[in-house]
Each structure stands twice: as structure tokens, then as C-alpha cells.
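Participant: I'd like to ask you about the structure that follows.
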Amino acid sequence: MERQLLLGAEAAALGAIDAGISGVYAYPGTPSTEITEFIQHSPAARNRGVRAAWSTNEKTAYEEALGMSYAGKRVLVCMKHVGLNVAADAFINSALTGVGGGLVLAVADDPSMHSSQNEQDSRVYGKFAMIPVIEPSNQQELYDGVRHAFQLSESLSLPVMVRLTTRLAHSRAGVVPKEPEPERTLPAADALPSAERFVLMPVNARRQYARLIGLQRDIEQLAECSWLNRMVEGTASTGVLAFGIAYNYVMEVREAFDMDFPVLKTGQYPLPLGAAQQLFNQCDSVLVAEEGYPVIEELLRGFFGNGQVLGRLDGTLARTGELNTDIIARALGLEPAPAAPVPEIVVPRPPELCRGCGHRDLYLALNTVMAGHPHDHVFSDIGCYTLGALAPFSAIHTCVDMGASVTMAIGAAEAGLRPAVAVIGDSTFTHSGMTGLLDAVNRRSSVTIIITDNDTTAMTGGQNSAATGSRLEAICLGLGVDPLHLRTIVPLKPRLQENIAVISEEIAYEGVSVILARRECVERAAKRNRNT
Ligand code: SF4
């Protein structure tokens, strides 16, 4: 079939479409967003009626995927690494229930935190859940690896994780697709998974846990002979054990410096210990090149002893951040050529809110109000409005995880902090701010929650959210907010005084108030105008 130039994320998506999926469930998050968007725009997926809508959050996405798998169909679920924290409950338990149709979790990690609040490594979750993990090293392997993951998922009746990292998800290379598989048909009622598997009350859960433990030897054997793992022979006394995209950096160094060190390339976990043993037998020392945490390095130090293992734990590699060719070369005692100087035309461009963004006018009003209070700290959440933490606004003081603005404001209010103000976007509010608002209503907390409603998930490129379509009033009233303290403002400069007055009134109220700061994202408006 014809070669296609694809982002890694798109290669994963095409692999899933060609594996015959019936649905993809996801919440947008960089660098995973493009997987779902590719499926949403794929004519092949649309013709087959593949379900591809955004879910309210990663947990609902995972549970929806598990439901589709229960019904016997193949399904992909996508998220970024921190999203897996949200989905963790469903994810870990699904290793016990097992799956019906193949269920593949594509999770995109972000080493160096290009667009994330931490650097956590999803492979730890894979090990924690005791399921197979695939970590492809290039776009073709991603395409093939996703299809392989579906087969593996069905053969073991387990979810399988495909781990991407930013550099792989967001770089392009040629991919040659293979013949697509047909979509699965719904099984007969008596072929659906039994209650003994899917009702995780203790008697069943213990049996299912024993099954999961019993599968571990098979999972290890499958990794040992996986096509994603292979040895590159060499005679040098220092070898390299390379994982996922790090394999490319290692091979570039090998070629550029005309080196002859042996390399064990690993793309399927658990670690193929037999192959690793062979490498360690042959070498005096082994550099472990893995993106993220020193997950495998730590394991190997326990297995082979500290002296032979080089990596992040002994300082041969930095403990944090992405790897690249220069970093690998230096770790092997080589000096890479100096990088080409950055041309003067390339000026640093720090992130900032777009010109004309409504968040600017909201922060102007909020800062004016808060300046009149001794405690002017504001709890915030994750979205474009988080840029309000930077100058010239310096309007917000927290950003921890999705939904935390509301619940942290509740805690601070209960500690006596006044005013306790939270700023949260419409998408983040439906992701996990709603439950915090319910707490606030139940506890009659003195908090003011400003929902910046721009009718989209702006930060990840303008996807619809569960709040798109102006449903926030109904949601807030349904959760018990007093209609007198559910106010709407339009963050525009001519309305500045009016907005200052509304915010001042609501933070003076000793109870739960919600202010909808409603104005369409200018980027979304521009896109809409382009498309009409
Ligand atoms: S993308 Fe939209 S919401 Fe984000 S900063 Fe730009 S205008 Fe504001």
C-alpha cells in the first residue's frame, strides 16, 4: 500500500482504524490529542461509523472504552500521561476484569514537560496494572505496534498500553499501512463476558487477580520473543539497552561516531530479561537509555548489581528531561560537534494569551477587585487562562491538577481565607470541577467560582467539551447553586466597570457563588469564520 507521511500520533490512529476499531474515547491533552482528531477526520473511520467523540474526562473515556470492549468490539482509548491519573481507577480494575474485544490504551508521556505539569512515566502504571506495554521507536512501529497491541489484547484478554512520548507523537515519517481488518460484529448475548469476570466483588476479584498473576509468565515470554525487541551486535565493552524513541538517538550516535557497541532495542515490556542477560554477559557496563523515569534501570540494578549499570541513577544521564543524540553521545564519553548557532531572526517567544482573548479582560477586572483585599491570591486550573499567572497579569496563584481550583478554594475558605476565588475553564469544569462545586454547595462554602466559558477546549486546539453549547447554567443550578448567585459577565473592555461590580458583589457573599465569564475564544471564532 502507498506510503503516507504521518505524525506518530496519526500513525497510531491509522493503526487503530486498520485494526478494525469501532470507537475511540479520549479527553484532549498534549501530546495525545492528534490521535483522536485523526480518527475524527478519517473518511475510512467515518464510513464505518467509528465512534469518535470527546469524553468528559479520561476516566469516563476509559470506562466507555471498556463498555465497547465488553460488547465484543475493538476500541482505542487515548490520553496524556497525567490523564491516566484520572483514569487510573478504571484502568487498574480493567486488568482484573479483562476485556472482550481488544482494548488498547494509547498514552502519551511528556518528558521535559513541554506542555504538562509533571514528567511522570506511564510505564510505571503498566507495571502496576501488570499488563503488557508496547513502546515503539518510530512511526512505522507505532502503526504496526498498535495493530500488534490489539492482537495481544485479545489473545490475553487484557488491556494493552501503547506508550508514546512527545517527540515521537509530534514528528513525521513515512508509514506503509497494511491491509485493514474488518470491524468485529456484536457477539450473541450468551457470548458476552460473564458476571464472574465483570462483577468485581471479592469472590470474583480474587479469582480474576489470580488469573492476572497466572498470566505474568506468558506476558514475559511474549515480550522475550516480541518483534519489537532485537539485538544489534557489537564488540565494544560498553553496551546500550535502548527503549522506544531513545533507540534512534543511540543508533545515530553509533553511526555518527562509527562505533561498534552492542545495542539491545526494547519496545515491549515486561523487560526481556533473557536478552538483557545476554547483553550484560557480553559487556563490562551497560548504558540504559530510557525516556522518563529510570524504571528499567532501577530493576536492572537490583538484578545485575550497581557497578555494571549506567544511566540516570548514577548521574551518567541527567535525572530529568528528554534524551537526544548529544546527551547519549556524552554519556558514552564522546564529544558531539557544537550545535549550529540559532539565527538572530529566531527570537524567543514566551507564551502569552492571544491578543483579543477574553481572559485578558477578565483578569483586568479580577485584579482590580482583588487589589482591594489583603489576601489577593486566586486558585486556578489548567487551560489557556493559566497564562494569567504570568506578567503583566500575575492574576492567579495555583495550578495543580484538573479541577483543583474549586476544591483548593473550598479548603482555603474553610481555613478562613477570604476571599476564596477559583478560576476554571468550561471544559475543565465539566472534566472534574463539577464534583468540587457539589462539595461547595453541600458544605455552603464561601467561595466564588469563575468559569471562563469560551465554549471550547481552547488550549488543545478547540475541541468540543461536555459544556460546549452553553449548558453551564443548567449544570450549576442542577448542582444546587442559588440562582441569585449564578451571574454572567462578558469579559470585554467596555464592560470593565460592570464586571468589577459583579465580581465584587459575589466575593462579598458568604456562600457559593458562580460567575460565568462568557466570551467565545477568538481563535475558535476565526476558525469558524474560515469554515463558513
Ligand atoms: S486560544 Fe482562545 S482562549 Fe486560548 S488564549 Fe487564544 S483566544 Fe484565549
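Labeling convention for the C-alpha cells: chains A, B, ... as they appear, residues from 1 per chain, ligands from 1 in order of appearance.
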In region 64-151 of chain A, what's strand (DSSP E or B) per DSSP? Answer as a list of chain:residue names?
Facilitator: A:Val75, A:Leu76, A:Val77, A:Cys78, A:Met79, A:Lys80, A:Leu103, A:Val104, A:Leu105, A:Ala106, A:Val107, A:Ala108, A:Asp109, A:Val133, A:Ile134
Participant: Counting only C-alpha atoms, what is within 6 Å of Gly436 (chain A), bar same-chain residues fewer than 2 positions away, as a PyMOL selection string?
Facilitator: chain A and resi 406-407+433-434+438-439
Participant: Residues as selected, N, CA, C and O atoms, written as a CSV table (one decimal), in the first residue's frame, can you do that?
Facilitator:
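Okay, out-v3.csv is ready:
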chain,number,residue,atom,x,y,z
A,406,VAL,N,-11.3,24.6,42.3
A,406,VAL,CA,-12.5,24.7,43.1
A,406,VAL,C,-12.3,24.1,44.5
A,406,VAL,O,-12.6,24.7,45.5
A,407,THR,N,-11.7,22.9,44.5
A,407,THR,CA,-11.6,22.2,45.8
A,407,THR,C,-10.5,22.8,46.7
A,407,THR,O,-10.7,22.9,47.9
A,433,GLY,N,-14.3,19.8,37.7
A,433,GLY,CA,-14.7,20.8,38.6
A,433,GLY,C,-16.1,20.7,39.1
A,433,GLY,O,-16.4,21.2,40.2
A,434,MET,N,-17.0,20.0,38.4
A,434,MET,CA,-18.4,19.9,38.9
A,434,MET,C,-18.5,19.2,40.2
A,434,MET,O,-19.3,19.6,41.0
A,438,LEU,N,-20.2,20.6,43.7
A,438,LEU,CA,-21.1,19.9,44.6
A,438,LEU,C,-20.7,19.9,46.0
A,438,LEU,O,-21.5,20.1,46.9
A,439,ASP,N,-19.4,19.7,46.3
A,439,ASP,CA,-18.9,19.8,47.6
A,439,ASP,C,-19.1,21.2,48.2
A,439,ASP,O,-19.6,21.3,49.4
Participant: DSSP on the backbone: what in region 274-374 of chain A comes out alpha helix (DSSP H), as JSON, numbers by chain?
Facilitator: {"A": [274, 275, 276, 277, 278, 279, 280, 281, 282, 295, 296, 297, 298, 299, 300, 301, 302, 303, 304, 325, 326, 327, 328, 329, 330, 331, 358, 359, 360, 361, 362, 363, 364, 365, 366, 367, 368, 369, 370]}
Participant: Can you tell me which residues sit at most 9 Å away from ligand 1, counting only C-alpha atoms and all ligand atoms, written as an MDAnalysis selection string?
Facilitator: chainID A and resid 352:360 383:385 387 452 454 456:462 520:525
Participant: Which one is closest to Trp227 (chain A): A:Glu141, A:Glu255, A:Glu196, A:Glu290? Count only C-alpha atoms.
Facilitator: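 Using only C-alpha atoms, Trp227 (chain A) sits closest to A:Glu141.
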Participant: Of the residues A:Thr97, A:Val175, A:Ala466, A:Ile424, which is the one nearest to Met201 (chain A), using only C-alpha atoms?
Facilitator: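 For Met201 (chain A), the nearest of the given residues is A:Thr97.
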Participant: What is the distance between CA of Thr166 (chain A) and CA of Asp109 (chain A), in Å to one decimal?
Facilitator: 6.4 Å
Participant: Skipping near chain neighbours, those fewer than 5 positions away, what residues fall within 10 Å of Ser22 (chain A) using only C-alpha atoms, listed as a ChimeraX atom specification?
Facilitator: /A:16-17,45,48-52,65,68-69,72-76,101,182-185
Participant: Wanna dump the region 332-370 of chain A-region 477-499 of chain A contacts at 7 Å for me, each residue with its shortest atom pair and the distance in Å to one decimal, counting only C-alpha atoms, ordered by chain and number, as a Markdown table?
Facilitator:
| residue | atom | partner | partner_atom | distance |
| --- | --- | --- | --- | --- |
| A:Gly358 | CA | A:Pro491 | CA | 5.3 |
| A:Asp361 | CA | A:Pro491 | CA | 5.1 |
| A:Leu362 | CA | A:Pro491 | CA | 5.2 |
| A:Ala365 | CA | A:Leu496 | CA | 6.0 |
Participant: Determine, counting only C-alpha atoms, which protein, DNA and RNA residues have an atom within 9 Å of an atom of Val160 (chain A); residues of the same chain fewer than 3 positions away are not included. Present the result as a PyMOL selection string.
Facilitator: chain A and resi 102-106+126+131-134+149-150+152-153
Participant: Write out, as a tab-separated table (two decimals), in the first residue's frame, the residues just selected, with all heavy atoms.
Facilitator:
chain	number	residue	atom	x	y	z
A	102	GLY	N	-10.62	-6.31	21.66
A	102	GLY	CA	-9.32	-5.73	22.04
A	102	GLY	C	-9.45	-4.29	22.53
A	102	GLY	O	-10.15	-3.49	21.92
A	103	LEU	N	-8.79	-3.99	23.64
A	103	LEU	CA	-8.80	-2.62	24.19
A	103	LEU	C	-7.35	-2.15	24.29
A	103	LEU	O	-6.53	-2.75	25.00
A	103	LEU	CB	-9.46	-2.60	25.58
A	103	LEU	CG	-9.74	-1.22	26.18
A	103	LEU	CD1	-10.82	-1.31	27.26
A	103	LEU	CD2	-8.53	-0.51	26.73
A	104	VAL	N	-7.04	-1.09	23.55
A	104	VAL	CA	-5.68	-0.55	23.57
A	104	VAL	C	-5.72	0.87	24.14
A	104	VAL	O	-6.51	1.70	23.69
A	104	VAL	CB	-5.06	-0.56	22.16
A	104	VAL	CG1	-3.73	0.18	22.14
A	104	VAL	CG2	-4.86	-2.00	21.70
A	105	LEU	N	-4.88	1.10	25.12
A	105	LEU	CA	-4.74	2.43	25.73
A	105	LEU	C	-3.49	3.09	25.14
A	105	LEU	O	-2.38	2.60	25.35
A	105	LEU	CB	-4.58	2.29	27.24
A	105	LEU	CG	-4.06	3.52	27.99
A	105	LEU	CD1	-5.06	4.66	27.92
A	105	LEU	CD2	-3.74	3.19	29.44
A	106	ALA	N	-3.69	4.16	24.36
A	106	ALA	CA	-2.55	4.93	23.86
A	106	ALA	C	-2.34	6.10	24.81
A	106	ALA	O	-3.22	6.95	24.94
A	106	ALA	CB	-2.83	5.43	22.44
A	126	GLY	N	1.72	0.74	33.74
A	126	GLY	CA	1.59	-0.54	33.05
A	126	GLY	C	2.07	-1.68	33.94
A	126	GLY	O	1.44	-2.73	34.06
A	131	ILE	N	0.05	-5.38	33.03
A	131	ILE	CA	-0.38	-5.64	31.65
A	131	ILE	C	0.81	-5.41	30.70
A	131	ILE	O	1.78	-4.77	31.08
A	131	ILE	CB	-1.54	-4.70	31.24
A	131	ILE	CG1	-1.10	-3.23	31.33
A	131	ILE	CG2	-2.78	-4.95	32.10
A	131	ILE	CD1	-1.93	-2.31	30.50
A	132	PRO	N	0.73	-5.92	29.47
A	132	PRO	CA	1.82	-5.66	28.52
A	132	PRO	C	1.85	-4.19	28.11
A	132	PRO	O	0.81	-3.53	28.02
A	132	PRO	CB	1.45	-6.52	27.30
A	132	PRO	CG	0.41	-7.47	27.78
A	132	PRO	CD	-0.28	-6.82	28.92
A	133	VAL	N	3.06	-3.68	27.87
A	133	VAL	CA	3.26	-2.31	27.40
A	133	VAL	C	4.09	-2.37	26.12
A	133	VAL	O	5.10	-3.07	26.06
A	133	VAL	CB	3.98	-1.45	28.45
A	133	VAL	CG1	4.25	-0.04	27.92
A	133	VAL	CG2	3.17	-1.37	29.74
A	134	ILE	N	3.63	-1.62	25.11
A	134	ILE	CA	4.35	-1.53	23.84
A	134	ILE	C	4.94	-0.12	23.77
A	134	ILE	O	4.24	0.85	24.04
A	134	ILE	CB	3.38	-1.69	22.65
A	134	ILE	CG1	2.57	-2.97	22.74
A	134	ILE	CG2	4.10	-1.55	21.31
A	134	ILE	CD1	3.32	-4.19	22.39
A	149	ALA	N	-0.81	-4.61	19.30
A	149	ALA	CA	-1.38	-4.48	20.64
A	149	ALA	C	-2.82	-4.99	20.69
A	149	ALA	O	-3.24	-5.60	21.70
A	149	ALA	CB	-1.33	-3.01	21.08
A	150	PHE	N	-3.57	-4.76	19.62
A	150	PHE	CA	-4.96	-5.28	19.60
A	150	PHE	C	-4.97	-6.81	19.61
A	150	PHE	O	-5.77	-7.43	20.32
A	150	PHE	CB	-5.72	-4.74	18.38
A	150	PHE	CG	-6.32	-3.38	18.63
A	150	PHE	CD1	-5.77	-2.25	18.08
A	150	PHE	CD2	-7.43	-3.24	19.46
A	150	PHE	CE1	-6.31	-0.99	18.32
A	150	PHE	CE2	-7.98	-1.99	19.72
A	150	PHE	CZ	-7.42	-0.86	19.15
A	152	LEU	N	-2.62	-8.73	20.80
A	152	LEU	CA	-2.15	-9.14	22.13
A	152	LEU	C	-3.28	-9.01	23.15
A	152	LEU	O	-3.49	-9.90	24.00
A	152	LEU	CB	-1.00	-8.21	22.49
A	152	LEU	CG	0.09	-8.67	23.46
A	152	LEU	CD1	0.66	-9.99	23.04
A	152	LEU	CD2	1.19	-7.60	23.51
A	153	SER	N	-4.02	-7.91	23.06
A	153	SER	CA	-5.11	-7.66	23.99
A	153	SER	C	-6.14	-8.78	23.92
A	153	SER	O	-6.62	-9.27	24.96
A	153	SER	CB	-5.76	-6.31	23.64
A	153	SER	OG	-6.92	-6.11	24.41
